[in-house]
Structures are given as C-alpha cells and as structure tokens.
Amino acid sequence: MTCPIRVLVADDHLVVRLGIRTLLAAEPDIDVVGEARDGLEAIAEALRLQPDVILMDLMMPHVDGIAAIERIRACQPAARILVLTTSEADDKVFPAIRAGALGYTLKDFGPAELVRAIQRVFRGESSLHPAIARKVLHELAHSSQRQAAAEPLSERELAVLRLIARGESNQEIAAALQISIATVSKHVSHILDKLHLAGRT
C-alpha cells in the first residue's frame, strides 16, 4: 500500500479549512496533516511538516499567499503548492504562478476535481481550473501580439500548449495527439524557448 499524500491546508477561514478536511477525509490516499490560519503559519507549518502538497489561499492576514509561496519555495524549492481562490478574475493568478505555484483552482470545486488537482500537483504536474487555463491562454495570446516572438509557434506546438494549459501531463498529451512522449517533450522544450519561459507552469 502506498503512503497517502500529506496535505497542508492554509486558509484564514475556519469553515473553508473544515470543509476541505471533511472532503478529503473520505480519500484513502490523501491525509490532511495540518492547517494554517495565515501566511506566517503556512510558512512555519510547511517547514515543520514538510507536506507533499500545500493548499494555499491567497488572501490571508500577516503574510499573503503569494509572499508565503515565495518564502516557502525559497526554503523548500521542491514544495508543491496548489492555490485556492474564489474567482478566475483574481489579478493574482500570474503573480502566484510566477511565485512557484504548480496549480490554481477555484473554491467552487467539486470533491473529485480537488482530488485530481492534488494528485496532479503531487506528481509535479501543473493543474489549472478550466477558467484559469482560459485566462492564461488569453494572456499568452495578447502577450504574443504585444511582443511578437522571433519564431511563432507551429500548429502542433499550439495544440500542445493548449493541452498544457488544461493541466495535461506529457503522457496525456501524447495520447491525445497520438504522438510519442519524447516528441511531446521536444515540443514543450521548443515552446519554452520560443516564449522565453523558464518552466511549463
């Protein structure tokens, strides 16, 4: 039997923390090992507990979620953080991703969606709520218009990019496009180079 995914929940609302704990209690492969009421507690508990995945609210007292992500990642570069937010219109989407969050989901998730997001982030994959993925694609499209790349993306690279934005793994992209995983990796590398990005998230 594999060890459960150890999760830390950081949110300043008690009802949210209790709700998430209740949702995840039914999952045998996920264990909520701790809670944090603000950014400072999140930083301290992340260091103390070394959880597999951190669920991070962005609007918290003392230290906000983005600053907490940056400080956690500075001490624990391998930390896997899934942001929880109330709206896809939140202007903190891109700052959170730049700070090192692997996933970004809305608080109106269903239990199955939350579990899948946690599992993906645990595997080191990106996980974006569809509304957030659309926002990212929209921003990339407008960014490319403002700053035309020396080499535009090919049709196949655009197809790969759309699947990345949906949170698909290389294996899932390979299956969807009927190409090898090695070819997907090559496309991802080309996309990062052309868009001047440091990582797929």
# chains A, B, ... in the order shown; residues from 1 in each chain; ligands from 1

call {"tool": "select_by_dssp", "arguments": {"residues": "range 6-147 of chain A", "states": "alpha helix (DSSP H)", "output": "compact mmCIF listing (two decimals) with C-alpha atoms, in the first residue's frame"}}
result
# COMPACT_ATOMS: atom_id res chain seq x y z
CA LEU A 14 -12.19 28.10 9.57
CA VAL A 15 -15.22 26.90 7.61
CA VAL A 16 -13.08 26.50 4.46
CA ARG A 17 -10.41 24.54 6.32
CA LEU A 18 -13.02 22.29 7.94
CA GLY A 19 -14.82 21.83 4.62
CA ILE A 20 -11.65 20.77 2.83
CA ARG A 21 -10.66 18.47 5.69
CA THR A 22 -14.13 16.87 5.57
CA LEU A 23 -14.00 16.45 1.78
CA LEU A 24 -10.56 14.85 1.88
CA ALA A 25 -11.31 12.61 4.87
CA GLY A 39 0.63 33.22 5.74
CA LEU A 40 3.06 33.16 8.65
CA GLU A 41 1.57 29.94 9.99
CA ALA A 42 1.65 28.46 6.48
CA ILE A 43 5.38 29.15 6.20
CA ALA A 44 6.10 27.72 9.65
CA GLU A 45 3.89 24.63 9.19
CA ALA A 46 5.31 23.93 5.75
CA LEU A 47 8.80 23.88 7.25
CA ARG A 48 7.73 21.79 10.26
CA LEU A 49 5.52 19.25 8.50
CA GLY A 65 -0.48 33.78 -0.10
CA ILE A 66 1.92 34.96 -2.80
CA ALA A 67 4.56 36.10 -0.30
CA ALA A 68 4.06 32.82 1.59
CA ILE A 69 4.58 30.83 -1.64
CA GLU A 70 7.80 32.75 -2.36
CA ARG A 71 9.16 32.22 1.16
CA ILE A 72 8.22 28.53 1.26
CA ARG A 73 9.81 27.93 -2.15
CA ALA A 74 12.95 29.80 -1.09
CA CYS A 75 13.42 27.31 1.77
CA VAL A 93 -3.20 34.43 -10.99
CA PHE A 94 0.05 35.29 -12.74
CA PRO A 95 1.94 36.51 -9.63
CA ALA A 96 1.07 33.20 -7.92
CA ILE A 97 2.29 31.16 -10.89
CA ARG A 98 5.47 33.24 -11.10
CA ALA A 99 5.98 32.73 -7.35
CA PRO A 111 -14.58 16.85 -4.40
CA ALA A 112 -13.43 14.89 -7.46
CA GLU A 113 -11.88 17.98 -9.07
CA LEU A 114 -9.99 18.88 -5.89
CA VAL A 115 -8.67 15.33 -5.50
CA ARG A 116 -7.48 15.26 -9.13
CA ALA A 117 -5.79 18.65 -8.72
CA ILE A 118 -3.98 17.48 -5.57
CA GLN A 119 -2.86 14.27 -7.28
CA ARG A 120 -1.53 16.14 -10.31
CA VAL A 121 0.36 18.68 -8.23
CA PHE A 122 1.75 15.84 -6.10
CA PRO A 130 -10.51 25.49 -16.92
CA ALA A 131 -11.46 29.14 -16.28
CA ILE A 132 -7.89 29.86 -15.17
CA ALA A 133 -6.49 28.00 -18.18
CA ARG A 134 -8.59 30.21 -20.48
CA LYS A 135 -7.25 33.29 -18.70
CA VAL A 136 -3.67 32.07 -19.15
CA LEU A 137 -4.21 31.33 -22.85
CA HIS A 138 -5.84 34.74 -23.34
CA GLU A 139 -2.91 36.45 -21.66
CA LEU A 140 -0.39 34.47 -23.73
CA ALA A 141 -2.23 35.37 -26.93
CA HIS A 142 -2.25 39.08 -26.10
CA SER A 143 1.31 38.93 -24.85
CA SER A 144 2.42 37.41 -28.15
CA GLN A 145 0.63 40.21 -30.00
CA ARG A 146 2.39 42.83 -27.89

call {"tool": "select_by_dssp", "arguments": {"residues": "range 2-180 of chain A", "states": "strand (DSSP E)", "output": "PDB file with C-alpha atoms, in the first residue's frame"}}
result
ATOM      1  CA  ILE A   5      -0.408  12.281   0.011  1.00  0.00           C
ATOM      2  CA  ARG A   6       0.264  14.524   3.013  1.00  0.00           C
ATOM      3  CA  VAL A   7      -1.602  17.840   2.640  1.00  0.00           C
ATOM      4  CA  LEU A   8      -1.327  21.158   4.492  1.00  0.00           C
ATOM      5  CA  VAL A   9      -4.376  23.464   4.211  1.00  0.00           C
ATOM      6  CA  ALA A  10      -3.670  27.213   4.532  1.00  0.00           C
ATOM      7  CA  ILE A  30      -4.875  11.768   0.966  1.00  0.00           C
ATOM      8  CA  ASP A  31      -4.143  12.789   4.565  1.00  0.00           C
ATOM      9  CA  VAL A  32      -4.591  16.359   5.863  1.00  0.00           C
ATOM     10  CA  VAL A  33      -1.626  16.645   8.235  1.00  0.00           C
ATOM     11  CA  GLY A  34      -2.007  20.280   9.234  1.00  0.00           C
ATOM     12  CA  GLU A  35      -3.760  23.629   8.917  1.00  0.00           C
ATOM     13  CA  ALA A  36      -2.626  27.246   8.857  1.00  0.00           C
ATOM     14  CA  VAL A  53       1.105  19.312  -1.224  1.00  0.00           C
ATOM     15  CA  ILE A  54       0.152  22.705   0.209  1.00  0.00           C
ATOM     16  CA  LEU A  55      -3.328  24.106  -0.491  1.00  0.00           C
ATOM     17  CA  MET A  56      -2.819  27.878  -0.319  1.00  0.00           C
ATOM     18  CA  ASP A  57      -5.388  30.653  -0.099  1.00  0.00           C
ATOM     19  CA  ILE A  81       1.677  24.324  -3.961  1.00  0.00           C
ATOM     20  CA  LEU A  82      -1.915  24.395  -5.204  1.00  0.00           C
ATOM     21  CA  VAL A  83      -3.568  27.818  -4.975  1.00  0.00           C
ATOM     22  CA  LEU A  84      -7.225  28.087  -3.965  1.00  0.00           C
ATOM     23  CA  THR A  85      -9.126  31.228  -4.974  1.00  0.00           C
ATOM     24  CA  GLY A 103      -1.696  24.613  -9.694  1.00  0.00           C
ATOM     25  CA  TYR A 104      -4.507  27.134  -9.450  1.00  0.00           C
ATOM     26  CA  THR A 105      -8.105  26.159  -8.779  1.00  0.00           C
ATOM     27  CA  LEU A 106     -11.348  27.805  -7.713  1.00  0.00           C
ATOM     28  CA  SER A 127      -3.182  21.768 -12.609  1.00  0.00           C
ATOM     29  CA  LEU A 128      -5.272  24.714 -13.753  1.00  0.00           C
TER      30      LEU A 128
END

call {"tool": "residues_around", "arguments": {"residues": "Gln178 in chain A", "least_positions_apart": "5", "cutoff": "12 Å", "atoms": "only C-alpha atoms", "output": "MDAnalysis selection string"}}
result
chainID A and resid 156 159:160 170:173 183:184

call {"tool": "write_last_selection", "arguments": {"atoms": "C-alpha atoms", "output": "compact mmCIF listing (two decimals), in the first residue's frame"}}
result
# COMPACT_ATOMS: atom_id res chain seq x y z
CA ARG A 156 1.39 21.32 -33.33
CA ALA A 159 -2.01 22.19 -29.77
CA VAL A 160 0.49 21.04 -27.14
CA ASN A 170 3.13 14.76 -21.19
CA GLN A 171 1.70 11.24 -21.23
CA GLU A 172 -1.87 12.55 -21.57
CA ILE A 173 -0.81 14.97 -24.33
CA THR A 183 8.03 14.13 -29.16
CA VAL A 184 5.83 15.90 -26.62

call {"tool": "residues_around", "arguments": {"residues": "Asp12 in chain A", "least_positions_apart": "2", "cutoff": "6 Å", "atoms": "only C-alpha atoms", "output": "VMD selection string"}}
result
chain A and resid 37 to 38 60

call {"tool": "write_last_selection", "arguments": {"atoms": "all heavy atoms", "output": "PDB file, in the first residue's frame"}}
result
ATOM      1  N   ARG A  37      -3.726  29.293   9.609  1.00  0.00           N
ATOM      2  CA  ARG A  37      -4.754  30.341   9.562  1.00  0.00           C
ATOM      3  C   ARG A  37      -4.289  31.602   8.859  1.00  0.00           C
ATOM      4  O   ARG A  37      -5.089  32.490   8.573  1.00  0.00           O
ATOM      5  CB  ARG A  37      -5.185  30.700  10.990  1.00  0.00           C
ATOM      6  CG  ARG A  37      -5.855  29.565  11.744  1.00  0.00           C
ATOM      7  CD  ARG A  37      -5.967  29.880  13.210  1.00  0.00           C
ATOM      8  NE  ARG A  37      -4.634  30.001  13.826  1.00  0.00           N
ATOM      9  CZ  ARG A  37      -4.427  30.242  15.112  1.00  0.00           C
ATOM     10  NH1 ARG A  37      -5.453  30.412  15.927  1.00  0.00           N
ATOM     11  NH2 ARG A  37      -3.201  30.314  15.589  1.00  0.00           N
ATOM     12  N   ASP A  38      -2.995  31.715   8.594  1.00  0.00           N
ATOM     13  CA  ASP A  38      -2.473  32.891   7.903  1.00  0.00           C
ATOM     14  C   ASP A  38      -1.153  32.529   7.226  1.00  0.00           C
ATOM     15  O   ASP A  38      -0.663  31.403   7.358  1.00  0.00           O
ATOM     16  CB  ASP A  38      -2.291  34.064   8.880  1.00  0.00           C
ATOM     17  CG  ASP A  38      -1.368  33.729  10.046  1.00  0.00           C
ATOM     18  OD1 ASP A  38      -0.222  33.265   9.792  1.00  0.00           O
ATOM     19  OD2 ASP A  38      -1.759  33.933  11.206  1.00  0.00           O
ATOM     20  N   MET A  60      -4.766  36.230   2.811  1.00  0.00           N
ATOM     21  CA  MET A  60      -4.624  35.876   4.225  1.00  0.00           C
ATOM     22  C   MET A  60      -3.941  37.007   4.981  1.00  0.00           C
ATOM     23  O   MET A  60      -3.179  37.788   4.397  1.00  0.00           O
ATOM     24  CB  MET A  60      -3.818  34.579   4.370  1.00  0.00           C
ATOM     25  CG  MET A  60      -4.538  33.350   3.869  1.00  0.00           C
ATOM     26  SD  MET A  60      -3.693  31.807   4.337  1.00  0.00           S
ATOM     27  CE  MET A  60      -2.200  31.932   3.360  1.00  0.00           C
TER      28      MET A  60
END

call {"tool": "closest_residue", "arguments": {"among": "A:Leu153, A:Ala175, A:Met59, A:Ala79", "to": "Asp193 in chain A", "atoms": "only C-alpha atoms"}}
result
A:Leu153
